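Heads up, the thing below is written out as structure tokens.
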Amino acid sequence: MTKEEQLLKNRFLDLANTTYQRNIPTATDFLTLYEQDFFYQIKKELPPVDTTLSGGNSVSERKMAFFLPEGLKEYFPIAILKITPVSEKFADQLSHRDYLGALMSLGIERSVLGDIILAQQSAYLYCKENMAAYIIENLTMVKHTNIHILQVDKAEEIYPEFEEICGSVASPRLDSVLSLAFHGSRSRLSGLIEGKKVFVNSRLIISNSYQLKDGDIISVRGYGKFIYKETVKITKKGRAYISLNKYT
């Protein structure tokens with residue numbers, strides 16, 4: 001175990017112990033995919049409290065780990081901020097990097113920020129609840145665009161824009177599906193799996209032959225993310241005709 005992993009494990013243990021001993025909910029900052037995978041690895045070593053991972057959205061990549069006392073069903077220390085241009089007519093075409101850069105320029109640490117989901121000329125930011133007021137007050141411009149921020153209700157499920165990809169593969173093996181999703185050779189994309197760059201539902205996968213299931217969310221570092229929507233049918237030649245939703 002590396003020094004960083006030991007520190008992270010100690011953090012998980014401290015929070016879980018606080019929940020267990022004081023009967024109060026606790027939560028981490030937003031975790032990277034590698035940190036989420038590590039959480040699953042050491043989960044059995046934690047005190048007997050309920051645990052869950054959530055980023056505020058069913059398709060979130062960055063997630064917080066929640067430690068919950070017995071019987072607590074409602075705990076959501078995440079704020080959802082809708083960012084819109086003051087004037088759409090004069091707004092720049094803003095990217096994920098533009099929004100993140102503007103937030104970083106305020107001196108905000110990346111760990112208190114979750115996903116940023118683009119939706120036409122708006123963006124939805126998931127952040128720790130205690131950061132919402134600061135962001136609303138201080139983030140007034142992204143790139144050259146004056147913006148307005150409104151906190152929205154957690155019940156509003158926000159979905160990113162997708163590109164639907166359909167095609168046939170020999171089987172829903174991870175390496176075959178990566179080849180279809182990213183339009184690359186199977187041998188080249190297999191190297192990403194071996195290089196520990198591929199996650200399925202926040203778990204690190206290192207087997208090329210891993211079989212995907214309907215609804216799995218696949219994240220590939222440096223390439224992007226997609227949802228394995230479904231196996232539509234099996235062709236007469238025994239191949240799987242599948243459908244993917246790739247994040248744009």
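If you're wondering about the labels, chains in the structure tokens are A, B, ... by order shown, residues count from 1 in each chain, ligands from 1 in order shown.
Residues in contact range of A:Ile147, defined as at most 6 Å between only C-alpha atoms, with sequence neighbours fewer than 6 positions away removed, read Thr84, Pro85, Val86, Thr140 and Met141 of chain A.
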- Task: From the DSSP assignment of the backbone, select every residue of stretch 34-133 of chain A that is alpha helix (DSSP H), and format the answer as a PyMOL selection string.
- Result: chain A and resi 34-42+96-104+132-133
Residues as selected, C-alpha atoms, written as a PDB file, in the first residue's frame, can you do that?
```
ATOM      1  CA  TYR A  34      -8.984   5.470  -8.489  1.00  0.00           C
ATOM      2  CA  GLU A  35     -10.018   6.570  -4.989  1.00  0.00           C
ATOM      3  CA  GLN A  36     -13.486   5.051  -5.440  1.00  0.00           C
ATOM      4  CA  ASP A  37     -11.961   1.750  -6.499  1.00  0.00           C
ATOM      5  CA  PHE A  38      -9.693   1.817  -3.439  1.00  0.00           C
ATOM      6  CA  PHE A  39     -12.741   2.475  -1.233  1.00  0.00           C
ATOM      7  CA  TYR A  40     -14.346  -0.716  -2.531  1.00  0.00           C
ATOM      8  CA  GLN A  41     -11.107  -2.623  -1.856  1.00  0.00           C
ATOM      9  CA  ILE A  42     -10.963  -1.709   1.846  1.00  0.00           C
ATOM     10  CA  HIS A  96     -15.966  21.736 -19.445  1.00  0.00           C
ATOM     11  CA  ARG A  97     -12.395  23.044 -19.203  1.00  0.00           C
ATOM     12  CA  ASP A  98     -13.617  26.661 -19.283  1.00  0.00           C
ATOM     13  CA  TYR A  99     -15.958  26.113 -16.323  1.00  0.00           C
ATOM     14  CA  LEU A 100     -13.395  24.149 -14.334  1.00  0.00           C
ATOM     15  CA  GLY A 101     -10.699  26.750 -15.011  1.00  0.00           C
ATOM     16  CA  ALA A 102     -12.943  29.558 -13.783  1.00  0.00           C
ATOM     17  CA  LEU A 103     -13.642  27.652 -10.578  1.00  0.00           C
ATOM     18  CA  MET A 104      -9.969  26.851 -10.001  1.00  0.00           C
ATOM     19  CA  ALA A 132     -22.444  26.571  -2.821  1.00  0.00           C
ATOM     20  CA  ALA A 133     -22.819  30.060  -1.336  1.00  0.00           C
TER      21      ALA A 133
END
```
Considering only C-alpha atoms, tabulate each residue of stretch 133-209 of chain A that lies at most 12 Å from stretch 111-116 of chain A along with its nearest interatomic pair and the corresponding distance in Å to one decimal; arrange the rows by chain and ascending residue number and present them as JSON lines.
```
{"residue": "A:Tyr134", "atom": "CA", "partner": "A:Val112", "partner_atom": "CA", "distance": 12.0}
{"residue": "A:Ile135", "atom": "CA", "partner": "A:Leu113", "partner_atom": "CA", "distance": 10.6}
{"residue": "A:Ile158", "atom": "CA", "partner": "A:Ile116", "partner_atom": "CA", "distance": 10.4}
{"residue": "A:Tyr159", "atom": "CA", "partner": "A:Ile116", "partner_atom": "CA", "distance": 10.7}
{"residue": "A:Pro160", "atom": "CA", "partner": "A:Ile116", "partner_atom": "CA", "distance": 9.2}
```
How would the residues just chosen look if you wrote them out with N, CA and C atoms as a compact mmCIF listing (two decimals), in the first residue's frame?
```
# COMPACT_ATOMS: atom_id res chain seq x y z
N TYR A 134 -20.41 30.27 -1.57
CA TYR A 134 -19.17 30.93 -2.01
C TYR A 134 -19.10 30.97 -3.53
N ILE A 135 -19.44 29.87 -4.16
CA ILE A 135 -19.39 29.82 -5.63
C ILE A 135 -20.41 30.77 -6.24
N ILE A 158 -30.27 15.57 -13.98
CA ILE A 158 -29.70 16.21 -15.17
C ILE A 158 -28.90 15.18 -15.94
N TYR A 159 -29.12 15.12 -17.22
CA TYR A 159 -28.42 14.17 -18.06
C TYR A 159 -27.52 14.89 -19.05
N PRO A 160 -26.33 14.38 -19.26
CA PRO A 160 -25.44 14.97 -20.27
C PRO A 160 -25.96 14.66 -21.67
```
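Closest approach to A:Ile80 from the set A:Ile205, A:Leu94, A:Leu46, A:Ile149 is made by A:Ile149, with distances taken over only C-alpha atoms.
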- Task: Determine, counting only C-alpha atoms, which protein, DNA and RNA residues have an atom within 12 Å of an atom of stretch 164-171 of chain A; residues of the same chain fewer than 6 positions away are not included. Present the result as an NGL selection string.
- Result: :A and (177-183 or 186 or 208-213 or 226-248)
Generate a file of the selected residues that holds C-alpha atoms, formatted as a short mmCIF file (atom, residue, chain, number, x, y, z; two decimals), in the first residue's frame.
```
data_model
loop_
_atom_site.label_atom_id
_atom_site.label_comp_id
_atom_site.auth_asym_id
_atom_site.auth_seq_id
_atom_site.Cartn_x
_atom_site.Cartn_y
_atom_site.Cartn_z
CA VAL A 177 -16.83 -2.67 -26.87
CA LEU A 178 -14.02 -0.15 -26.33
CA SER A 179 -13.02 -0.65 -29.96
CA LEU A 180 -16.54 0.22 -31.11
CA ALA A 181 -16.94 3.17 -28.71
CA PHE A 182 -13.65 4.87 -29.58
CA HIS A 183 -13.23 3.74 -33.19
CA ARG A 186 -8.96 -3.81 -30.32
CA ASN A 208 -9.81 -7.63 -21.45
CA SER A 209 -12.49 -10.32 -21.38
CA TYR A 210 -14.66 -8.62 -18.74
CA GLN A 211 -18.30 -9.02 -19.83
CA LEU A 212 -20.34 -5.82 -19.82
CA LYS A 213 -23.97 -5.72 -18.72
CA PHE A 226 -20.01 5.92 -22.26
CA ILE A 227 -22.95 3.84 -21.09
CA TYR A 228 -23.35 0.29 -22.36
CA LYS A 229 -27.03 0.76 -23.09
CA GLU A 230 -28.06 -2.72 -24.19
CA THR A 231 -27.51 -5.75 -26.33
CA VAL A 232 -30.19 -5.17 -28.96
CA LYS A 233 -30.03 -8.59 -30.58
CA ILE A 234 -27.81 -11.50 -31.52
CA THR A 235 -27.21 -11.67 -35.27
CA LYS A 236 -27.56 -14.82 -37.37
CA LYS A 237 -23.77 -15.13 -37.28
CA GLY A 238 -23.80 -15.09 -33.48
CA ARG A 239 -22.48 -11.56 -33.06
CA ALA A 240 -23.96 -9.12 -30.57
CA TYR A 241 -25.55 -5.97 -32.01
CA ILE A 242 -25.19 -3.42 -29.23
CA SER A 243 -26.11 0.17 -28.41
CA LEU A 244 -23.95 2.69 -26.53
CA ASN A 245 -24.55 6.22 -25.25
CA LYS A 246 -21.24 8.08 -25.51
CA TYR A 247 -20.80 11.34 -23.63
CA THR A 248 -20.23 14.28 -25.98
#
```
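Among the candidates A:Thr2, A:Leu150, A:Ser122, A:Phe30, the one nearest to A:Glu109 when counting only C-alpha atoms is A:Phe30.
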